[in-house]
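What follows is the content of protein_19.tsv (TSV, C-alpha atoms).
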```tsv
chain	number	residue	atom	x	y	z
A	1	MET	CA	-98.46	-10.95	5.86
A	2	PRO	CA	-101.46	-12.76	7.42
A	3	THR	CA	-104.69	-10.83	7.73
A	4	LEU	CA	-106.42	-10.64	11.09
A	5	ILE	CA	-110.15	-10.83	10.49
A	6	GLY	CA	-112.19	-9.71	13.45
A	7	SER	CA	-109.39	-10.43	15.89
A	8	LYS	CA	-109.93	-9.06	19.34
A	9	LEU	CA	-107.79	-9.06	22.44
A	10	THR	CA	-109.16	-8.75	25.95
A	11	ASP	CA	-106.71	-7.69	28.62
A	12	GLU	CA	-107.54	-8.61	32.18
A	13	VAL	CA	-105.62	-6.75	34.82
A	14	VAL	CA	-106.00	-7.81	38.43
A	15	SER	CA	-105.51	-4.90	40.81
A	16	ARG	CA	-104.16	-6.45	43.95
A	17	TYR	CA	-104.12	-5.14	47.45
A	18	LYS	CA	-102.21	-6.71	50.29
A	19	ASP	CA	-103.87	-8.62	53.06
A	20	CYS	CA	-102.68	-8.41	56.63
A	21	PRO	CA	-98.87	-8.66	56.41
A	22	ASP	CA	-98.69	-11.03	59.38
A	23	PRO	CA	-101.23	-13.89	59.55
A	24	ARG	CA	-101.06	-13.77	63.35
A	25	MET	CA	-102.60	-10.29	63.20
A	26	LYS	CA	-105.68	-11.74	61.50
A	27	GLU	CA	-105.95	-14.46	64.15
A	28	MET	CA	-105.97	-11.76	66.82
A	29	GLY	CA	-108.73	-9.93	64.95
A	30	ALA	CA	-106.49	-7.03	63.94
A	31	SER	CA	-107.25	-5.19	60.73
A	32	MET	CA	-105.14	-3.10	58.40
A	33	PRO	CA	-105.19	0.69	58.73
A	34	VAL	CA	-107.36	2.31	56.08
A	35	GLU	CA	-104.46	4.47	54.90
A	36	TYR	CA	-102.34	1.37	54.23
A	37	ILE	CA	-105.09	-0.30	52.21
A	38	ASP	CA	-105.78	2.90	50.25
A	39	ALA	CA	-102.08	3.27	49.43
A	40	GLN	CA	-101.92	-0.36	48.27
A	41	GLU	CA	-104.97	0.08	46.06
A	42	ALA	CA	-103.63	3.31	44.54
A	43	GLU	CA	-100.26	1.69	43.76
A	44	SER	CA	-101.95	-1.36	42.27
A	45	LYS	CA	-104.23	0.77	40.08
A	46	GLU	CA	-101.24	2.76	38.86
A	47	LEU	CA	-99.34	-0.41	37.92
A	48	ALA	CA	-102.42	-1.86	36.23
A	49	GLY	CA	-102.95	1.35	34.26
A	50	ALA	CA	-99.33	1.28	33.08
A	51	ALA	CA	-99.74	-2.33	31.93
A	52	VAL	CA	-102.90	-1.45	29.99
A	53	SER	CA	-101.16	1.52	28.34
A	54	ARG	CA	-98.27	-0.69	27.19
A	55	LEU	CA	-100.67	-3.21	25.71
A	56	GLN	CA	-102.70	-0.50	23.96
A	57	SER	CA	-99.50	0.86	22.42
A	58	ALA	CA	-98.56	-2.62	21.16
A	59	ALA	CA	-102.04	-3.41	19.77
A	60	LYS	CA	-102.56	-0.14	17.90
A	61	PRO	CA	-100.01	-0.61	15.05
A	62	VAL	CA	-101.39	-4.05	14.16
A	63	ASP	CA	-105.03	-2.89	14.35
A	64	ILE	CA	-106.27	-5.44	16.87
A	65	GLY	CA	-109.40	-4.59	18.82
A	66	LEU	CA	-108.65	-4.33	22.52
A	67	ASP	CA	-110.91	-4.47	25.54
A	68	THR	CA	-109.62	-4.21	29.07
A	69	LEU	CA	-111.09	-5.58	32.26
A	70	GLN	CA	-109.80	-4.39	35.58
A	71	VAL	CA	-110.81	-6.47	38.57
A	72	LYS	CA	-109.88	-6.06	42.20
A	73	ALA	CA	-108.74	-8.91	44.43
A	74	SER	CA	-106.65	-9.46	47.51
A	75	ALA	CA	-103.04	-10.34	46.85
A	76	ALA	CA	-103.66	-13.90	47.99
A	77	GLY	CA	-106.85	-14.23	45.92
A	78	ALA	CA	-105.57	-12.60	42.71
A	79	PRO	CA	-104.20	-15.76	41.03
A	80	LYS	CA	-107.46	-17.63	41.64
A	81	ARG	CA	-109.51	-14.67	40.39
A	82	PHE	CA	-107.40	-14.47	37.22
A	83	ALA	CA	-107.87	-18.22	36.59
A	84	GLU	CA	-111.63	-17.91	37.04
A	85	MET	CA	-111.78	-15.07	34.53
A	86	ALA	CA	-109.54	-16.98	32.08
A	87	ARG	CA	-112.29	-19.63	31.76
A	88	ARG	CA	-114.26	-17.21	29.62
A	89	PHE	CA	-111.59	-16.74	26.96
A	90	ASP	CA	-109.92	-18.81	24.25
A	91	LEU	CA	-106.38	-18.41	25.54
A	92	ALA	CA	-104.74	-17.08	28.69
A	93	VAL	CA	-101.34	-15.41	28.40
A	94	VAL	CA	-99.52	-15.29	31.74
A	95	GLY	CA	-96.09	-13.91	32.52
A	96	GLN	CA	-93.73	-16.18	34.42
A	97	ALA	CA	-92.78	-14.73	37.80
A	98	LYS	CA	-89.21	-13.55	38.23
A	99	PRO	CA	-87.09	-15.64	40.62
A	100	ASP	CA	-87.06	-12.82	43.21
A	101	ALA	CA	-90.85	-12.26	43.02
A	102	SER	CA	-93.23	-13.08	45.85
A	103	ALA	CA	-94.63	-16.59	46.20
A	104	ILE	CA	-98.06	-15.26	45.22
A	105	ASP	CA	-96.74	-13.96	41.89
A	106	GLY	CA	-95.56	-17.49	41.15
A	107	LEU	CA	-99.08	-18.84	41.62
A	108	PHE	CA	-100.55	-17.06	38.58
A	109	VAL	CA	-99.18	-19.63	36.14
A	110	GLU	CA	-100.12	-22.59	38.35
A	111	GLU	CA	-103.65	-21.39	39.10
A	112	THR	CA	-104.34	-20.50	35.47
A	113	LEU	CA	-102.90	-23.75	34.17
A	114	PHE	CA	-104.81	-26.02	36.55
A	115	ASP	CA	-107.96	-24.06	37.36
A	116	SER	CA	-108.95	-22.26	34.17
A	117	GLY	CA	-109.49	-25.31	31.96
A	118	ARG	CA	-108.22	-23.25	29.02
A	119	PRO	CA	-104.98	-23.19	27.03
A	120	VAL	CA	-102.27	-21.14	28.72
A	121	LEU	CA	-99.32	-19.42	27.06
A	122	VAL	CA	-96.58	-18.68	29.60
A	123	VAL	CA	-94.28	-15.81	28.70
A	124	PRO	CA	-90.79	-16.32	30.21
A	125	TYR	CA	-89.70	-13.61	32.62
A	126	THR	CA	-86.61	-13.07	30.44
A	127	GLN	CA	-88.82	-11.84	27.55
A	128	ARG	CA	-88.29	-8.12	26.98
A	129	ASP	CA	-90.42	-7.11	23.96
```
Mind turning the file's structure into C-alpha coordinates?
Amino acid sequence: MPTLIGSKLTDEVVSRYKDCPDPRMKEMGASMPVEYIDAQEAESKELAGAAVSRLQSAAKPVDIGLDTLQVKASAAGAPKRFAEMARRFDLAVVGQAKPDASAIDGLFVEETLFDSGRPVLVVPYTQRD
(Lines of atoms letter the chains of each structure in order from A and count residues from 1; the text may use other names and numbers.)
(Lines give C-alpha, C1' and ligand atoms only; values in the text may rest on other atoms or scores of the structure.)
Protein backbone atom coordinates (compact mmCIF):
# COMPACT_ATOMS: atom_id res chain seq x y z
CA MET A 1 0.00 0.00 0.00
CA PRO A 2 1.44 3.42 -0.92
CA THR A 3 2.34 5.76 1.90
CA LEU A 4 0.96 9.28 1.91
CA ILE A 5 3.66 11.58 3.22
CA GLY A 6 2.35 14.96 4.26
CA SER A 7 -0.70 14.68 2.03
CA LYS A 8 -3.32 17.28 2.65
CA LEU A 9 -6.73 17.85 1.15
CA THR A 10 -8.48 21.20 1.10
CA ASP A 11 -12.21 21.14 0.54
CA GLU A 12 -13.80 24.27 -0.83
CA VAL A 13 -17.54 24.48 -0.47
CA VAL A 14 -19.37 27.34 -2.13
CA SER A 15 -22.51 28.29 -0.24
CA ARG A 16 -24.85 29.63 -2.87
CA TYR A 17 -27.83 31.85 -2.52
CA LYS A 18 -30.27 32.58 -5.30
CA ASP A 19 -30.41 35.88 -7.08
CA CYS A 20 -33.67 37.43 -8.16
CA PRO A 21 -35.66 34.56 -9.70
CA ASP A 22 -36.84 36.71 -12.60
CA PRO A 23 -34.26 38.98 -14.32
CA ARG A 24 -37.04 41.44 -15.16
CA MET A 25 -37.48 42.07 -11.43
CA LYS A 26 -33.88 43.30 -11.24
CA GLU A 27 -34.42 45.59 -14.23
CA MET A 28 -37.37 47.14 -12.41
CA GLY A 29 -35.22 47.65 -9.32
CA ALA A 30 -37.04 45.03 -7.27
CA SER A 31 -35.15 43.18 -4.58
CA MET A 32 -35.65 39.84 -2.90
CA PRO A 33 -37.41 39.69 0.46
CA VAL A 34 -34.97 39.27 3.33
CA GLU A 35 -36.77 36.14 4.52
CA TYR A 36 -36.27 34.48 1.12
CA ILE A 37 -32.56 35.27 1.07
CA ASP A 38 -32.12 34.09 4.67
CA ALA A 39 -33.90 30.82 3.87
CA GLN A 40 -31.68 30.30 0.81
CA GLU A 41 -28.53 30.95 2.82
CA ALA A 42 -29.62 28.59 5.61
CA GLU A 43 -30.40 25.80 3.12
CA SER A 44 -27.10 26.33 1.33
CA LYS A 45 -25.12 26.25 4.59
CA GLU A 46 -26.87 23.04 5.60
CA LEU A 47 -26.03 21.38 2.27
CA ALA A 48 -22.44 22.60 2.47
CA GLY A 49 -22.10 21.29 6.03
CA ALA A 50 -23.39 17.88 4.94
CA ALA A 51 -20.85 17.78 2.10
CA VAL A 52 -18.01 18.65 4.49
CA SER A 53 -19.14 15.93 6.93
CA ARG A 54 -19.13 13.30 4.17
CA LEU A 55 -15.64 14.31 3.11
CA GLN A 56 -14.35 14.28 6.69
CA SER A 57 -15.74 10.77 7.13
CA ALA A 58 -13.98 9.61 3.95
CA ALA A 59 -10.63 11.26 4.82
CA LYS A 60 -10.39 10.00 8.40
CA PRO A 61 -9.73 6.26 7.73
CA VAL A 62 -6.88 7.03 5.33
CA ASP A 63 -5.34 9.66 7.63
CA ILE A 64 -5.29 12.55 5.19
CA GLY A 65 -5.13 16.05 6.62
CA LEU A 66 -8.24 18.01 5.71
CA ASP A 67 -8.94 21.72 5.68
CA THR A 68 -12.25 23.17 4.63
CA LEU A 69 -13.02 26.56 3.16
CA GLN A 70 -16.57 27.77 2.98
CA VAL A 71 -17.18 30.77 0.77
CA LYS A 72 -20.41 32.53 -0.05
CA ALA A 73 -21.44 33.53 -3.56
CA SER A 74 -24.58 34.19 -5.53
CA ALA A 75 -25.90 31.23 -7.47
CA ALA A 76 -24.83 32.84 -10.73
CA GLY A 77 -21.38 33.77 -9.39
CA ALA A 78 -20.60 30.48 -7.62
CA PRO A 79 -18.93 28.68 -10.57
CA LYS A 80 -16.65 31.66 -11.24
CA ARG A 81 -15.80 31.96 -7.53
CA PHE A 82 -14.93 28.25 -7.36
CA ALA A 83 -12.67 28.56 -10.43
CA GLU A 84 -10.88 31.56 -8.91
CA MET A 85 -10.24 29.64 -5.69
CA ALA A 86 -9.07 26.56 -7.64
CA ARG A 87 -6.14 28.62 -8.98
CA ARG A 88 -4.49 28.32 -5.58
CA PHE A 89 -4.43 24.52 -5.48
CA ASP A 90 -2.68 21.69 -7.32
CA LEU A 91 -5.83 19.97 -8.54
CA ALA A 92 -9.53 20.79 -8.66
CA VAL A 93 -12.03 17.95 -8.31
CA VAL A 94 -15.47 18.90 -9.64
CA GLY A 95 -18.60 16.82 -9.81
CA GLN A 96 -20.37 16.65 -13.15
CA ALA A 97 -23.87 18.12 -12.98
CA LYS A 98 -26.76 15.70 -13.30
CA PRO A 99 -28.81 16.03 -16.51
CA ASP A 100 -31.78 17.47 -14.59
CA ALA A 101 -29.65 20.02 -12.68
CA SER A 102 -29.85 23.75 -13.23
CA ALA A 103 -27.81 25.39 -15.98
CA ILE A 104 -25.66 27.05 -13.32
CA ASP A 105 -24.68 23.68 -11.83
CA GLY A 106 -23.40 22.71 -15.27
CA LEU A 107 -21.08 25.72 -15.33
CA PHE A 108 -18.85 24.52 -12.48
CA VAL A 109 -16.91 22.14 -14.72
CA GLU A 110 -16.65 24.64 -17.57
CA GLU A 111 -15.58 27.58 -15.40
CA THR A 112 -13.03 25.51 -13.50
CA LEU A 113 -11.63 23.93 -16.64
CA PHE A 114 -11.21 27.18 -18.57
CA ASP A 115 -10.72 29.80 -15.85
CA SER A 116 -8.68 28.14 -13.12
CA GLY A 117 -5.56 27.36 -15.16
CA ARG A 118 -5.13 24.21 -13.07
CA PRO A 119 -5.70 20.50 -13.71
CA VAL A 120 -9.32 19.46 -13.22
CA LEU A 121 -10.63 16.02 -12.34
CA VAL A 122 -14.31 15.69 -13.25
CA VAL A 123 -16.25 13.10 -11.28
CA PRO A 124 -19.13 11.67 -13.35
CA TYR A 125 -22.57 12.23 -11.86
CA THR A 126 -23.12 8.45 -11.96
CA GLN A 127 -20.32 7.93 -9.38
CA ARG A 128 -21.79 6.76 -6.07
CA ASP A 129 -18.86 6.12 -3.69
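For the atom pair formed by atom CA of A:Ala103 and atom CA of A:Gln127, the distance is 20.1 Å, given to one decimal.
Going from atom CA of A:Tyr36 over to atom CA of A:Met85, you cover 27.3 Å.
Across the structure, atom CA of A:Phe82 and atom CA of A:Gly49 are spaced 16.7 Å apart.
Proximity of A:Phe108, A:Leu121, A:Ala73, A:Val34 to A:Leu91, computed with all atoms listed in the file, is greatest for A:Leu121.
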Supply stretch 101-112 of chain A as a PDB file, keeping the file's coordinate frame, with all heavy atoms built in where the input has gaps.
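Once written, selection.pdb looks like this:
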```pdb
ATOM      1  N   ALA A 101     -89.474 -12.714  42.784  1.00  0.00           N
ATOM      2  CA  ALA A 101     -90.850 -12.260  43.020  1.00  0.00           C
ATOM      3  C   ALA A 101     -91.442 -12.980  44.228  1.00  0.00           C
ATOM      4  O   ALA A 101     -90.926 -14.000  44.690  1.00  0.00           O
ATOM      5  CB  ALA A 101     -91.700 -12.520  41.780  1.00  0.00           C
ATOM      6  N   SER A 102     -92.560 -12.466  44.701  1.00  0.00           N
ATOM      7  CA  SER A 102     -93.230 -13.080  45.850  1.00  0.00           C
ATOM      8  C   SER A 102     -93.799 -14.451  45.449  1.00  0.00           C
ATOM      9  O   SER A 102     -94.006 -14.740  44.272  1.00  0.00           O
ATOM     10  CB  SER A 102     -94.353 -12.188  46.354  1.00  0.00           C
ATOM     11  OG  SER A 102     -95.436 -12.194  45.445  1.00  0.00           O
ATOM     12  N   ALA A 103     -94.066 -15.256  46.441  1.00  0.00           N
ATOM     13  CA  ALA A 103     -94.630 -16.590  46.200  1.00  0.00           C
ATOM     14  C   ALA A 103     -95.985 -16.476  45.503  1.00  0.00           C
ATOM     15  O   ALA A 103     -96.339 -17.306  44.664  1.00  0.00           O
ATOM     16  CB  ALA A 103     -94.758 -17.347  47.508  1.00  0.00           C
ATOM     17  N   ILE A 104     -96.740 -15.442  45.833  1.00  0.00           N
ATOM     18  CA  ILE A 104     -98.060 -15.260  45.220  1.00  0.00           C
ATOM     19  C   ILE A 104     -97.937 -15.000  43.731  1.00  0.00           C
ATOM     20  O   ILE A 104     -98.710 -15.514  42.931  1.00  0.00           O
ATOM     21  CB  ILE A 104     -98.836 -14.133  45.931  1.00  0.00           C
ATOM     22  CG1 ILE A 104     -99.203 -14.599  47.346  1.00  0.00           C
ATOM     23  CG2 ILE A 104    -100.076 -13.739  45.158  1.00  0.00           C
ATOM     24  CD1 ILE A 104     -99.812 -13.562  48.223  1.00  0.00           C
ATOM     25  N   ASP A 105     -96.938 -14.209  43.313  1.00  0.00           N
ATOM     26  CA  ASP A 105     -96.740 -13.960  41.890  1.00  0.00           C
ATOM     27  C   ASP A 105     -96.496 -15.255  41.132  1.00  0.00           C
ATOM     28  O   ASP A 105     -96.917 -15.409  39.992  1.00  0.00           O
ATOM     29  CB  ASP A 105     -95.565 -13.001  41.660  1.00  0.00           C
ATOM     30  CG  ASP A 105     -95.898 -11.572  42.053  1.00  0.00           C
ATOM     31  OD1 ASP A 105     -97.099 -11.250  42.159  1.00  0.00           O
ATOM     32  OD2 ASP A 105     -94.963 -10.781  42.242  1.00  0.00           O
ATOM     33  N   GLY A 106     -95.824 -16.198  41.772  1.00  0.00           N
ATOM     34  CA  GLY A 106     -95.560 -17.490  41.150  1.00  0.00           C
ATOM     35  C   GLY A 106     -96.798 -18.346  40.977  1.00  0.00           C
ATOM     36  O   GLY A 106     -96.805 -19.288  40.187  1.00  0.00           O
ATOM     37  N   LEU A 107     -97.861 -18.035  41.698  1.00  0.00           N
ATOM     38  CA  LEU A 107     -99.080 -18.840  41.620  1.00  0.00           C
ATOM     39  C   LEU A 107     -99.953 -18.521  40.404  1.00  0.00           C
ATOM     40  O   LEU A 107    -100.839 -19.294  40.077  1.00  0.00           O
ATOM     41  CB  LEU A 107     -99.914 -18.651  42.889  1.00  0.00           C
ATOM     42  CG  LEU A 107     -99.322 -19.262  44.157  1.00  0.00           C
ATOM     43  CD1 LEU A 107    -100.206 -18.932  45.348  1.00  0.00           C
ATOM     44  CD2 LEU A 107     -99.172 -20.764  44.006  1.00  0.00           C
ATOM     45  N   PHE A 108     -99.715 -17.407  39.731  1.00  0.00           N
ATOM     46  CA  PHE A 108    -100.550 -17.060  38.580  1.00  0.00           C
ATOM     47  C   PHE A 108    -100.503 -18.134  37.500  1.00  0.00           C
ATOM     48  O   PHE A 108    -101.525 -18.539  36.964  1.00  0.00           O
ATOM     49  CB  PHE A 108    -100.160 -15.694  38.004  1.00  0.00           C
ATOM     50  CG  PHE A 108    -100.798 -14.541  38.708  1.00  0.00           C
ATOM     51  CD1 PHE A 108    -100.161 -13.934  39.775  1.00  0.00           C
ATOM     52  CD2 PHE A 108    -102.047 -14.090  38.321  1.00  0.00           C
ATOM     53  CE1 PHE A 108    -100.752 -12.873  40.433  1.00  0.00           C
ATOM     54  CE2 PHE A 108    -102.646 -13.025  38.975  1.00  0.00           C
ATOM     55  CZ  PHE A 108    -101.998 -12.415  40.032  1.00  0.00           C
ATOM     56  N   VAL A 109     -99.307 -18.596  37.180  1.00  0.00           N
ATOM     57  CA  VAL A 109     -99.180 -19.630  36.140  1.00  0.00           C
ATOM     58  C   VAL A 109     -99.859 -20.910  36.610  1.00  0.00           C
ATOM     59  O   VAL A 109    -100.657 -21.507  35.884  1.00  0.00           O
ATOM     60  CB  VAL A 109     -97.693 -19.891  35.798  1.00  0.00           C
ATOM     61  CG1 VAL A 109     -97.562 -21.104  34.890  1.00  0.00           C
ATOM     62  CG2 VAL A 109     -97.079 -18.674  35.135  1.00  0.00           C
ATOM     63  N   GLU A 110     -99.560 -21.333  37.824  1.00  0.00           N
ATOM     64  CA  GLU A 110    -100.120 -22.590  38.350  1.00  0.00           C
ATOM     65  C   GLU A 110    -101.644 -22.555  38.414  1.00  0.00           C
ATOM     66  O   GLU A 110    -102.317 -23.474  37.941  1.00  0.00           O
ATOM     67  CB  GLU A 110     -99.541 -22.854  39.733  1.00  0.00           C
ATOM     68  CG  GLU A 110     -99.989 -24.174  40.328  1.00  0.00           C
ATOM     69  CD  GLU A 110     -99.355 -24.421  41.682  1.00  0.00           C
ATOM     70  OE1 GLU A 110     -98.203 -24.008  41.903  1.00  0.00           O
ATOM     71  OE2 GLU A 110    -100.036 -25.045  42.516  1.00  0.00           O
ATOM     72  N   GLU A 111    -102.192 -21.500  38.988  1.00  0.00           N
ATOM     73  CA  GLU A 111    -103.650 -21.390  39.100  1.00  0.00           C
ATOM     74  C   GLU A 111    -104.314 -21.371  37.731  1.00  0.00           C
ATOM     75  O   GLU A 111    -105.316 -22.034  37.506  1.00  0.00           O
ATOM     76  CB  GLU A 111    -104.039 -20.128  39.871  1.00  0.00           C
ATOM     77  CG  GLU A 111    -103.795 -20.203  41.350  1.00  0.00           C
ATOM     78  CD  GLU A 111    -104.840 -21.009  42.097  1.00  0.00           C
ATOM     79  OE1 GLU A 111    -105.929 -21.289  41.557  1.00  0.00           O
ATOM     80  OE2 GLU A 111    -104.556 -21.364  43.250  1.00  0.00           O
ATOM     81  N   THR A 112    -103.746 -20.613  36.800  1.00  0.00           N
ATOM     82  CA  THR A 112    -104.340 -20.500  35.470  1.00  0.00           C
ATOM     83  C   THR A 112    -104.246 -21.829  34.727  1.00  0.00           C
ATOM     84  O   THR A 112    -105.198 -22.263  34.081  1.00  0.00           O
ATOM     85  CB  THR A 112    -103.673 -19.377  34.661  1.00  0.00           C
ATOM     86  OG1 THR A 112    -103.711 -18.183  35.439  1.00  0.00           O
ATOM     87  CG2 THR A 112    -104.392 -19.143  33.351  1.00  0.00           C
TER      88      THR A 112
END
```
